[in-house]
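> Input structure: protein.txt, which contains compact mmCIF, C-alpha atoms.
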```txt
# COMPACT_ATOMS: atom_id res chain seq x y z
CA MET A 1 43.75 -17.64 52.27
CA SER A 2 40.23 -18.90 52.66
CA ILE A 3 37.00 -17.11 51.86
CA LYS A 4 34.30 -17.48 54.50
CA ALA A 5 31.56 -15.32 52.97
CA ILE A 6 30.78 -13.15 49.97
CA ALA A 7 29.16 -9.72 49.83
CA PHE A 8 27.90 -8.29 46.56
CA ASP A 9 27.13 -4.83 45.38
CA ALA A 10 23.62 -4.77 43.89
CA TYR A 11 22.99 -2.29 41.06
CA GLY A 12 25.15 -3.02 38.03
CA THR A 13 26.71 -6.04 39.73
CA ILE A 14 23.83 -8.45 40.42
CA PHE A 15 21.11 -6.42 38.71
CA ASP A 16 21.26 -5.05 35.18
CA VAL A 17 20.25 -1.39 35.08
CA PHE A 18 19.91 -1.51 31.27
CA SER A 19 16.12 -1.40 31.48
CA ILE A 20 16.28 2.03 33.11
CA GLY A 21 18.07 3.46 30.10
CA ALA A 22 15.59 1.74 27.78
CA LEU A 23 12.66 3.29 29.65
CA ALA A 24 14.36 6.68 29.59
CA GLU A 25 14.70 6.28 25.82
CA ASP A 26 10.98 5.53 25.56
CA LEU A 27 10.21 8.71 27.50
CA PHE A 28 12.74 10.90 25.66
CA PRO A 29 13.58 9.38 22.26
CA GLY A 30 17.19 10.09 21.34
CA ARG A 31 18.00 11.43 24.80
CA GLY A 32 17.44 8.36 26.98
CA GLU A 33 21.05 7.30 27.12
CA ALA A 34 22.18 10.79 28.07
CA LEU A 35 19.52 11.03 30.76
CA ALA A 36 20.37 7.63 32.25
CA ALA A 37 24.08 8.49 32.26
CA ALA A 38 23.61 11.95 33.82
CA TRP A 39 21.22 10.45 36.38
CA ARG A 40 23.69 7.77 37.42
CA VAL A 41 26.57 10.26 37.76
CA LYS A 42 24.50 12.64 39.87
CA GLN A 43 23.09 9.81 41.99
CA ILE A 44 26.60 8.75 42.97
CA ASP A 45 27.68 12.38 43.43
CA TYR A 46 24.85 12.98 45.86
CA THR A 47 25.62 9.86 47.93
CA ARG A 48 29.15 11.14 48.33
CA LEU A 49 28.28 14.77 49.04
CA ARG A 50 25.66 13.84 51.61
CA THR A 51 28.05 11.48 53.33
CA LEU A 52 30.93 13.96 53.30
CA SER A 53 28.68 16.63 54.78
CA ASP A 54 26.88 14.25 57.13
CA ARG A 55 23.50 14.91 55.49
CA TYR A 56 22.35 11.37 54.87
CA GLU A 57 19.04 10.70 53.15
CA PRO A 58 17.88 7.28 51.92
CA PHE A 59 19.02 6.18 48.48
CA SER A 60 15.48 6.40 47.09
CA LYS A 61 15.35 10.11 47.89
CA VAL A 62 18.91 10.73 46.67
CA THR A 63 18.08 8.88 43.46
CA ARG A 64 14.88 10.87 42.93
CA ASP A 65 16.72 14.15 43.57
CA ALA A 66 19.44 13.14 41.12
CA LEU A 67 16.82 12.42 38.48
CA THR A 68 15.33 15.88 38.95
CA PHE A 69 18.74 17.47 38.47
CA ALA A 70 19.71 15.27 35.52
CA ALA A 71 16.50 16.03 33.62
CA ARG A 72 16.89 19.77 34.25
CA SER A 73 20.53 19.74 33.22
CA LEU A 74 19.52 18.24 29.85
CA GLY A 75 16.51 20.53 29.47
CA LEU A 76 14.09 17.60 29.52
CA ALA A 77 10.55 18.19 30.79
CA LEU A 78 10.18 15.23 33.10
CA ASP A 79 6.75 15.09 34.68
CA GLU A 80 5.81 13.28 37.88
CA ALA A 81 4.46 10.24 36.02
CA GLY A 82 7.68 9.84 34.06
CA ALA A 83 9.81 10.26 37.17
CA GLU A 84 7.68 7.72 39.00
CA ALA A 85 8.02 5.24 36.15
CA LEU A 86 11.80 5.61 36.15
CA MET A 87 12.00 5.22 39.92
CA THR A 88 9.76 2.15 39.84
CA ALA A 89 12.06 0.58 37.25
CA TYR A 90 14.60 0.15 40.07
CA ASP A 91 12.24 -2.40 41.63
CA HIS A 92 12.03 -4.49 38.45
CA LEU A 93 15.59 -5.00 37.29
CA ALA A 94 16.71 -8.20 35.62
CA VAL A 95 19.49 -10.30 37.10
CA PHE A 96 22.56 -10.54 34.88
CA PRO A 97 22.65 -14.13 33.51
CA ASP A 98 26.24 -14.63 34.75
CA SER A 99 25.22 -13.38 38.18
CA ALA A 100 22.31 -15.84 38.37
CA VAL A 101 24.67 -18.71 37.56
CA ALA A 102 27.31 -17.53 40.01
CA LEU A 103 24.90 -17.07 42.89
CA ARG A 104 23.68 -20.68 42.49
CA ARG A 105 27.22 -22.04 42.23
CA LEU A 106 28.58 -20.07 45.17
CA ARG A 107 25.57 -20.94 47.28
CA ALA A 108 26.15 -24.62 46.45
CA LEU A 109 29.66 -24.26 47.83
CA GLY A 110 28.07 -23.52 51.19
CA LEU A 111 29.22 -19.93 51.38
CA PRO A 112 26.98 -17.39 53.13
CA LEU A 113 26.04 -14.60 50.73
CA ALA A 114 24.94 -11.02 51.22
CA ILE A 115 24.11 -7.91 49.31
CA LEU A 116 25.82 -4.79 50.62
CA SER A 117 24.36 -1.84 48.79
CA ASN A 118 23.71 1.88 48.90
CA GLY A 119 20.08 1.00 48.23
CA ASP A 120 17.70 1.48 51.12
CA PRO A 121 15.96 -1.58 52.62
CA PRO A 122 12.64 -1.28 50.75
CA MET A 123 14.45 -0.92 47.40
CA LEU A 124 16.67 -3.94 48.07
CA ARG A 125 13.80 -6.09 49.34
CA ALA A 126 11.70 -5.24 46.28
CA VAL A 127 14.34 -5.91 43.65
CA VAL A 128 15.57 -9.12 45.29
CA ASP A 129 12.07 -10.55 45.74
CA GLN A 130 10.82 -9.78 42.22
CA ALA A 131 13.95 -11.48 40.86
CA GLY A 132 13.19 -14.61 42.85
CA LEU A 133 16.42 -14.28 44.85
CA GLY A 134 14.71 -14.11 48.24
CA GLY A 135 16.23 -17.38 49.42
CA VAL A 136 19.70 -16.81 48.03
CA PHE A 137 21.07 -14.18 50.37
CA ASP A 138 21.68 -14.62 54.06
CA HIS A 139 21.72 -10.85 54.53
CA LEU A 140 20.45 -7.84 52.64
CA LEU A 141 22.70 -5.15 54.03
CA SER A 142 21.75 -1.57 53.33
CA VAL A 143 24.07 1.29 54.19
CA ASP A 144 20.93 2.89 55.61
CA ALA A 145 21.78 1.11 58.87
CA ALA A 146 25.06 3.08 58.94
CA GLY A 147 23.61 6.38 57.77
CA ARG A 148 26.55 6.77 55.40
CA PHE A 149 27.03 5.70 51.80
CA LYS A 150 29.98 3.83 50.35
CA THR A 151 32.90 4.26 50.45
CA ALA A 152 32.57 5.31 54.11
CA PRO A 153 34.08 2.73 56.48
CA GLU A 154 30.81 2.66 58.46
CA ALA A 155 29.04 1.34 55.36
CA TYR A 156 31.55 -1.42 54.64
CA ALA A 157 31.61 -2.38 58.33
CA LEU A 158 28.13 -3.87 57.94
CA GLY A 159 29.60 -6.92 56.18
CA PRO A 160 31.96 -8.18 58.89
CA LYS A 161 29.33 -7.41 61.50
CA ALA A 162 26.62 -9.46 59.74
CA PHE A 163 28.86 -12.40 58.86
CA GLY A 164 30.68 -12.41 62.18
CA CYS A 165 34.11 -12.65 60.59
CA ALA A 166 36.93 -10.33 59.57
CA ALA A 167 36.65 -8.26 56.40
CA SER A 168 39.79 -9.99 55.17
CA ASP A 169 37.85 -13.30 55.17
CA ILE A 170 35.03 -11.83 53.08
CA LEU A 171 35.11 -11.42 49.32
CA PHE A 172 33.44 -8.18 48.24
CA VAL A 173 32.27 -8.18 44.64
CA SER A 174 31.39 -5.06 42.68
CA SER A 175 31.20 -3.94 39.07
CA ASN A 176 32.16 -0.43 40.15
CA GLY A 177 35.91 0.02 40.22
CA TRP A 178 35.67 2.66 42.94
CA ASP A 179 33.55 0.33 45.07
CA ALA A 180 36.02 -2.53 44.68
CA CYS A 181 38.85 -0.16 45.60
CA GLY A 182 36.92 1.30 48.54
CA ALA A 183 36.20 -2.19 49.87
CA ALA A 184 39.87 -3.13 49.49
CA TRP A 185 40.86 0.01 51.38
CA TYR A 186 38.48 -1.04 54.12
CA GLY A 187 40.11 -4.46 54.38
CA TYR A 188 37.99 -6.81 52.28
CA ARG A 189 39.34 -9.13 49.70
CA SER A 190 37.67 -7.44 46.80
CA PHE A 191 36.83 -8.47 43.27
CA TRP A 192 36.16 -6.04 40.47
CA ILE A 193 33.89 -7.24 37.69
CA ASN A 194 34.93 -4.91 34.93
CA ARG A 195 31.87 -5.30 32.75
CA THR A 196 32.66 -2.30 30.55
CA GLY A 197 36.40 -2.62 29.93
CA ALA A 198 37.17 0.45 32.04
CA PRO A 199 40.69 1.25 33.24
CA LEU A 200 41.57 0.50 36.83
CA GLU A 201 40.98 3.45 39.15
CA ALA A 202 44.22 5.30 39.93
CA LEU A 203 43.80 5.10 43.69
CA ASP A 204 46.98 3.28 44.72
CA ILE A 205 45.11 0.08 45.48
CA VAL A 206 44.35 -2.96 43.36
CA PRO A 207 41.46 -5.37 44.02
CA ALA A 208 42.48 -8.93 44.89
CA GLY A 209 40.71 -10.13 41.77
CA ILE A 210 39.64 -8.58 38.49
CA GLY A 211 37.59 -10.21 35.76
CA ASP A 212 35.10 -9.63 32.96
CA SER A 213 32.09 -11.34 34.47
CA MET A 214 30.78 -13.21 37.48
CA HIS A 215 32.20 -16.43 35.97
CA ASP A 216 35.62 -15.14 36.97
CA VAL A 217 34.37 -14.78 40.53
CA ILE A 218 33.45 -18.46 40.57
CA ASP A 219 36.97 -19.36 39.38
CA PHE A 220 38.55 -17.04 41.94
CA VAL A 221 36.53 -18.48 44.82
CA THR A 222 37.04 -22.07 43.74
CA ARG A 223 40.79 -21.57 43.58
CA ALA A 224 40.80 -19.83 46.96
CA LEU A 225 38.86 -22.65 48.60
CA ASP A 226 41.14 -25.28 47.03
CA GLY A 227 44.33 -23.39 47.88
CA MET B 1 23.08 40.60 58.39
CA SER B 2 26.59 41.85 57.97
CA ILE B 3 29.45 40.19 56.14
CA LYS B 4 32.77 40.31 57.95
CA ALA B 5 34.95 38.38 55.50
CA ILE B 6 34.83 36.57 52.17
CA ALA B 7 36.31 33.19 51.22
CA PHE B 8 36.59 32.16 47.59
CA ASP B 9 36.95 28.85 45.88
CA ALA B 10 39.91 29.00 43.47
CA TYR B 11 39.68 26.87 40.33
CA GLY B 12 36.78 27.88 38.11
CA THR B 13 35.81 30.67 40.51
CA ILE B 14 38.81 33.04 40.63
CA PHE B 15 40.90 31.26 38.03
CA ASP B 16 39.77 30.28 34.55
CA VAL B 17 40.66 26.67 33.77
CA PHE B 18 39.94 27.20 30.05
CA SER B 19 43.64 27.14 29.20
CA ILE B 20 43.89 23.55 30.41
CA GLY B 21 41.32 22.45 27.88
CA ALA B 22 43.09 24.42 25.18
CA LEU B 23 46.39 22.74 25.97
CA ALA B 24 44.68 19.35 26.03
CA GLU B 25 43.33 20.16 22.56
CA ASP B 26 46.85 20.98 21.36
CA LEU B 27 48.07 17.63 22.65
CA PHE B 28 45.09 15.62 21.36
CA PRO B 29 43.35 17.49 18.52
CA GLY B 30 39.63 16.82 18.55
CA ARG B 31 39.79 15.11 21.94
CA GLY B 32 40.97 17.92 24.19
CA GLU B 33 37.56 18.91 25.44
CA ALA B 34 36.69 15.31 26.28
CA LEU B 35 39.99 14.83 28.09
CA ALA B 36 39.64 18.03 30.12
CA ALA B 37 36.06 17.11 31.06
CA ALA B 38 36.89 13.52 32.04
CA TRP B 39 39.91 14.75 33.99
CA ARG B 40 37.87 17.27 35.95
CA VAL B 41 35.16 14.71 36.80
CA LYS B 42 37.69 12.16 37.98
CA GLN B 43 39.67 14.75 39.92
CA ILE B 44 36.58 15.64 41.95
CA ASP B 45 35.63 11.96 42.29
CA TYR B 46 39.01 11.16 43.77
CA THR B 47 38.89 14.01 46.28
CA ARG B 48 35.58 12.63 47.51
CA LEU B 49 36.55 8.96 47.55
CA ARG B 50 39.79 9.64 49.38
CA THR B 51 38.01 11.76 51.94
CA LEU B 52 35.19 9.26 52.44
CA SER B 53 37.72 6.47 52.93
CA ASP B 54 40.13 8.61 54.96
CA ARG B 55 42.92 8.19 52.37
CA TYR B 56 43.90 11.79 51.85
CA GLU B 57 46.61 12.69 49.38
CA PRO B 58 47.46 16.24 48.25
CA PHE B 59 45.44 17.70 45.40
CA SER B 60 48.44 17.68 43.08
CA LYS B 61 48.72 13.90 43.38
CA VAL B 62 44.97 13.37 43.14
CA THR B 63 44.91 15.58 40.05
CA ARG B 64 47.81 13.70 38.44
CA ASP B 65 46.15 10.34 39.20
CA ALA B 66 42.88 11.57 37.74
CA LEU B 67 44.70 12.63 34.57
CA THR B 68 46.20 9.16 34.23
CA PHE B 69 42.76 7.59 34.54
CA ALA B 70 41.05 10.08 32.22
CA ALA B 71 43.60 9.58 29.45
CA ARG B 72 43.33 5.80 29.72
CA SER B 73 39.55 5.89 29.76
CA LEU B 74 39.62 7.76 26.44
CA GLY B 75 42.35 5.58 24.97
CA LEU B 76 44.75 8.52 24.69
CA ALA B 77 48.49 7.82 24.85
CA LEU B 78 49.52 10.52 27.30
CA ASP B 79 53.28 10.53 27.87
CA GLU B 80 55.09 11.98 30.85
CA ALA B 81 55.93 15.23 29.05
CA GLY B 82 52.29 15.78 28.11
CA ALA B 83 51.10 15.02 31.61
CA GLU B 84 53.70 17.37 33.05
CA ALA B 85 52.63 20.14 30.70
CA LEU B 86 48.98 19.72 31.69
CA MET B 87 49.84 19.70 35.39
CA THR B 88 52.02 22.79 35.02
CA ALA B 89 49.11 24.59 33.36
CA TYR B 90 47.47 24.68 36.80
CA ASP B 91 50.18 27.08 37.93
CA HIS B 92 49.55 29.50 35.05
CA LEU B 93 45.82 30.09 34.98
CA ALA B 94 44.32 33.43 34.05
CA VAL B 95 42.09 35.32 36.46
CA PHE B 96 38.52 35.75 35.20
CA PRO B 97 38.11 39.46 34.32
CA ASP B 98 35.02 39.77 36.54
CA SER B 99 36.94 38.18 39.41
CA ALA B 100 39.82 40.63 39.05
CA VAL B 101 37.37 43.54 39.24
CA ALA B 102 35.49 42.06 42.18
CA LEU B 103 38.61 41.32 44.21
CA ARG B 104 39.71 44.96 43.89
CA ARG B 105 36.27 46.29 44.78
CA LEU B 106 35.74 43.99 47.75
CA ARG B 107 39.22 44.68 49.01
CA ALA B 108 38.50 48.41 48.79
CA LEU B 109 35.48 47.84 51.04
CA GLY B 110 37.94 46.77 53.73
CA LEU B 111 36.83 43.14 53.84
CA PRO B 112 39.42 40.49 54.61
CA LEU B 113 39.63 37.99 51.75
CA ALA B 114 40.77 34.39 51.52
CA ILE B 115 40.98 31.52 49.12
CA LEU B 116 39.64 28.26 50.51
CA SER B 117 40.51 25.56 48.03
CA ASN B 118 41.09 21.86 47.56
CA GLY B 119 44.42 22.84 46.01
CA ASP B 120 47.50 22.11 48.06
CA PRO B 121 49.63 24.99 49.35
CA PRO B 122 52.30 24.96 46.61
CA MET B 123 49.65 24.95 43.87
CA LEU B 124 47.74 27.83 45.45
CA ARG B 125 50.87 29.87 46.10
CA ALA B 126 52.04 29.39 42.52
CA VAL B 127 48.79 30.32 40.80
CA VAL B 128 48.12 33.31 43.06
CA ASP B 129 51.60 34.73 42.69
CA GLN B 130 51.83 34.37 38.90
CA ALA B 131 48.48 36.15 38.64
CA GLY B 132 49.79 39.07 40.68
CA LEU B 133 47.25 38.47 43.45
CA GLY B 134 49.82 37.95 46.19
CA GLY B 135 48.75 41.04 48.10
CA VAL B 136 45.01 40.59 47.67
CA PHE B 137 44.30 37.69 49.99
CA ASP B 138 44.75 37.71 53.75
CA HIS B 139 44.77 33.91 53.77
CA LEU B 140 45.44 31.14 51.29
CA LEU B 141 43.60 28.30 52.96
CA SER B 142 44.27 24.83 51.62
CA VAL B 143 42.23 21.84 52.77
CA ASP B 144 45.61 20.15 53.09
CA ALA B 145 45.72 21.55 56.64
CA ALA B 146 42.57 19.53 57.41
CA GLY B 147 43.58 16.39 55.50
CA ARG B 148 40.08 16.24 54.01
CA PHE B 149 38.67 17.70 50.83
CA LYS B 150 35.45 19.66 50.47
CA THR B 151 32.65 19.15 51.32
CA ALA B 152 33.97 17.72 54.60
CA PRO B 153 33.22 20.02 57.56
CA GLU B 154 36.89 19.92 58.57
CA ALA B 155 37.76 21.59 55.26
CA TYR B 156 35.19 24.38 55.56
CA ALA B 157 36.18 24.92 59.21
CA LEU B 158 39.43 26.49 58.04
CA GLY B 159 37.58 29.69 57.10
CA PRO B 160 36.10 30.63 60.47
CA LYS B 161 39.32 29.61 62.15
CA ALA B 162 41.48 31.87 59.96
CA PHE B 163 39.13 34.87 60.05
CA GLY B 164 38.29 34.49 63.73
CA CYS B 165 34.57 34.85 63.20
CA ALA B 166 31.54 32.60 62.74
CA ALA B 167 30.89 30.90 59.41
CA SER B 168 27.55 32.71 59.29
CA ASP B 169 29.47 36.02 59.13
CA ILE B 170 31.58 34.84 56.19
CA LEU B 171 30.47 34.84 52.57
CA PHE B 172 31.73 31.77 50.74
CA VAL B 173 31.86 32.18 46.96
CA SER B 174 32.12 29.31 44.51
CA SER B 175 31.28 28.60 40.88
CA ASN B 176 30.59 24.98 41.80
CA GLY B 177 27.00 24.45 42.85
CA TRP B 178 27.95 21.54 45.09
CA ASP B 179 30.61 23.66 46.80
CA ALA B 180 28.17 26.52 47.42
CA CYS B 181 25.67 24.00 48.83
CA GLY B 182 28.31 22.26 50.94
CA ALA B 183 29.42 25.60 52.39
CA ALA B 184 25.80 26.52 53.14
CA TRP B 185 25.33 23.16 54.88
CA TYR B 186 28.40 23.95 56.95
CA GLY B 187 26.94 27.29 58.02
CA TYR B 188 28.44 29.88 55.69
CA ARG B 189 26.44 32.46 53.84
CA SER B 190 27.26 31.13 50.43
CA PHE B 191 27.11 32.56 46.94
CA TRP B 192 26.95 30.45 43.82
CA ILE B 193 28.38 31.99 40.67
CA ASN B 194 26.57 29.96 38.08
CA ARG B 195 28.92 30.63 35.18
CA THR B 196 27.50 27.87 32.97
CA GLY B 197 23.74 28.20 33.45
CA ALA B 198 23.54 24.90 35.34
CA PRO B 199 20.47 23.93 37.36
CA LEU B 200 20.62 24.28 41.13
CA GLU B 201 21.79 21.10 42.84
CA ALA B 202 18.86 19.12 44.27
CA LEU B 203 20.31 18.92 47.77
CA ASP B 204 17.57 20.57 49.84
CA ILE B 205 19.62 23.69 50.40
CA VAL B 206 19.82 26.96 48.50
CA PRO B 207 22.82 29.32 48.61
CA ALA B 208 22.13 32.73 50.12
CA GLY B 209 22.99 34.31 46.77
CA ILE B 210 23.08 33.14 43.17
CA GLY B 211 24.33 35.08 40.17
CA ASP B 212 25.94 34.85 36.76
CA SER B 213 29.28 36.42 37.54
CA MET B 214 31.38 38.00 40.25
CA HIS B 215 29.66 41.32 39.55
CA ASP B 216 26.63 39.88 41.32
CA VAL B 217 28.81 39.16 44.34
CA ILE B 218 29.76 42.83 44.52
CA ASP B 219 26.07 43.79 44.46
CA PHE B 220 25.22 41.18 47.09
CA VAL B 221 27.98 42.32 49.43
CA THR B 222 27.25 46.01 48.92
CA ARG B 223 23.59 45.47 49.77
CA ALA B 224 24.48 43.36 52.80
CA LEU B 225 26.85 46.03 54.14
CA ASP B 226 24.27 48.79 53.53
CA GLY B 227 21.37 46.79 54.99
```
Starting from the file, give its structure as structure tokens.


Amino acid sequence: MSIKAIAFDAYGTIFDVFSIGALAEDLFPGRGEALAAAWRVKQIDYTRLRTLSDRYEPFSKVTRDALTFAARSLGLALDEAGAEALMTAYDHLAVFPDSAVALRRLRALGLPLAILSNGDPPMLRAVVDQAGLGGVFDHLLSVDAAGRFKTAPEAYALGPKAFGCAASDILFVSSNGWDACGAAWYGYRSFWINRTGAPLEALDIVPAGIGDSMHDVIDFVTRALDG
Amino acid sequence: MSIKAIAFDAYGTIFDVFSIGALAEDLFPGRGEALAAAWRVKQIDYTRLRTLSDRYEPFSKVTRDALTFAARSLGLALDEAGAEALMTAYDHLAVFPDSAVALRRLRALGLPLAILSNGDPPMLRAVVDQAGLGGVFDHLLSVDAAGRFKTAPEAYALGPKAFGCAASDILFVSSNGWDACGAAWYGYRSFWINRTGAPLEALDIVPAGIGDSMHDVIDFVTRALDG
């Protein structure tokens, strides 16, 4: 089976969200990790609830709302300046070193590349440009165009539409197990970068590839193109 | 505004899931609370992911899958007997004392009552019957009939259909903030029993009523019927 294009999740896959936790720790010493974790959980919860109930709002708003809840749930007095600083951190994330290498290598193979993310267009544009990746991606695909967050089929459908080929010819790469499984359900060949040593999601589906880092994606793609 | 019927969430609202954590603690001393918490989170995650991706499976299977994942994520060696014991605990939950009182009082007011739960029909039947509540509810509504879990509109639609009245004439009662918000989005008058002192979900919607226990539901309903 060949691979004609590759779509990547953004946050946690291409971009390292570590700096958000570090900033949270600066704001709330000893509680930063807990705040970042609660924020992330609630952010994902809200994307799902709003999609299930057909109450879509852009990821920036969902993320801001989740931060409000997370701070309250931990009893942290987050003021507007702190919230703004944490939100702005999303525009200044570092690229994982293995992802930077992989994007260059995969691009050199002549494969069209895209980001397919829950992030809304301004967020994606900002983080991609500040990282100097503006010329790397053929498409920055935001679920905003579908009005539904992953794992809704309408969100994943943006990939085949942009690339003009079947989902089964596109490799979808994510560090989130649920995202890799959701993409596989949709019909992609999916690859799970298990950066944290998590167990596979018990969802009756297994991604086509699983590895520790983006280096394993390069190997997977190279083998697929040779095979 | 009158209230013509009341629909209740089941787990955590009518039935106390404390015994599950206690059993988990017996199986894994010192880790029971963590296992029960991780299990619950993953159980809800899986209901949402399967609904978003249109991959419905009954709640019993989703719950069992979530247990498998939760145990693995914590590095706990859960054998089949342990898993079976934890699953069976769902059929033997105690009724919260305030819920037992409220169900009698609300029933005495002549209001038709239902459970509207993610649980599948055999699970709901088992837990209701063992608790001696078989005669209390006019309807045991499982989202299984809709093939979608809450907060999907198809799941909440079971209430108005069963009671034969508009959602806005039905009070929907849940201890889960997201469930109370989802029901309000759908069109119910909803009541959030905030048993744990959690902050309100930041979802741009506020339940019609909020209280600490089911006693506050009695007050809310009594006032609504008098008003």

> State, in Å with one decimal place, the distance from atom CA of Ala114 of chain B to atom CA of Tyr56 of chain B.

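Atom-to-atom, atom CA of Ala114 of chain B to atom CA of Tyr56 of chain B, that is 22.8 Å.
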
> Considering only C-alpha atoms, can you say which of A:Ile218, A:Ala94, A:Leu124, A:Ala38 comes closest to Ala10 of chain A?

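Answer, going by the shortest atom-to-atom distance: A:Leu124.
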
> Please find the residues of chain B near chain A - the criterion being any atom within 8 Å, counting all atoms listed in the file - and write them as an MDAnalysis selection string.

chainID B and resid 46 48:49 51:53 65:66 68:69 72:73 150:153 178 182 185:186 198:203

> Which distance in Å separates atom CA of Asp216 of chain A and atom CA of Leu140 of chain A, to one decimal?

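One can read the atom CA of Asp216 of chain A to atom CA of Leu140 of chain A distance as 23.0 Å.
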
> Mind checking which residues fall within 10 Å of Leu158 of chain B, counting all atoms listed in the file, ignoring those fewer than 4 positions away in the same chain, and posting them as a list in words?

Leu116, Leu141, Ser142, Val143, Ala145, Ala146, Pro153, Glu154, Ala162, Phe163, Gly164 and Ala167 of chain B

> Using all atoms listed in the file, find the one residue out of A:Arg104, A:His215, A:Arg223, A:His92 that sits nearest to Asp129 of chain A.

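Using all atoms listed in the file, the shortest distance to Asp129 of chain A belongs to A:His92.
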
> Expressed in Å to a single decimal, how great is the separation between atom CA of Phe59 of chain B and atom CA of Gly32 of chain B?

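According to the coordinates, atom CA of Phe59 of chain B and atom CA of Gly32 of chain B are separated by 21.7 Å.
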
> Using only C-alpha atoms, can you tell me which of A:Glu84, A:Lys61, A:Val217, A:Ser168 comes closest to Leu23 of chain A?

A:Glu84

> Compile a residue-level contact table for segment 1-43 of chain B against segment 210-214 of chain B at a cut-off of 12 Å, reporting for every qualifying residue the shortest atom pair and its distance in Å to one decimal, with all atoms listed in the file counted, rows ordered by chain and ascending number, as a tab-separated table.


```
residue	atom	partner	partner_atom	distance
B:Phe8	CA	B:Met214	CA	10.7
B:Gly12	CA	B:Ser213	CA	11.4
B:Thr13	CA	B:Met214	CA	8.6
B:Ile14	CA	B:Met214	CA	8.9
B:Phe15	CA	B:Met214	CA	11.9
```

> Please, what is the axis-aligned box for every listed atom of segment 215-218 of chain B with 3 Å on each side, as centre and edge lengths in Å to one decimal, as AutoDock Vina command-line options?


```
--center_x 28.2 --center_y 41.0 --center_z 42.0 --size_x 9.1 --size_y 9.7 --size_z 11.0
```

> Let me make sure I understand: among A:Gln130, A:Ser60, A:Ser99, A:Thr88, which one has the smallest atom-to-atom distance to Arg195 of chain A if we use all atoms listed in the file?

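That would be A:Ser99, the residue with the smallest distance to Arg195 of chain A.
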
> Taking only C-alpha atoms into account, name the residue in B:Asp120, B:Glu33, B:Asp144, B:Asp98 that is nearest to Ser19 of chain B.

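Of B:Asp120, B:Glu33, B:Asp144, B:Asp98, the one nearest Ser19 of chain B is B:Glu33, counting only C-alpha atoms.
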
> For a quick check of understanding, using all atoms listed in the file, which of B:Val136, B:Asn194, B:Val127, B:Ala81 has the smallest distance to Arg105 of chain B?

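Of the candidates, the smallest distance to Arg105 of chain B is held by B:Val136.
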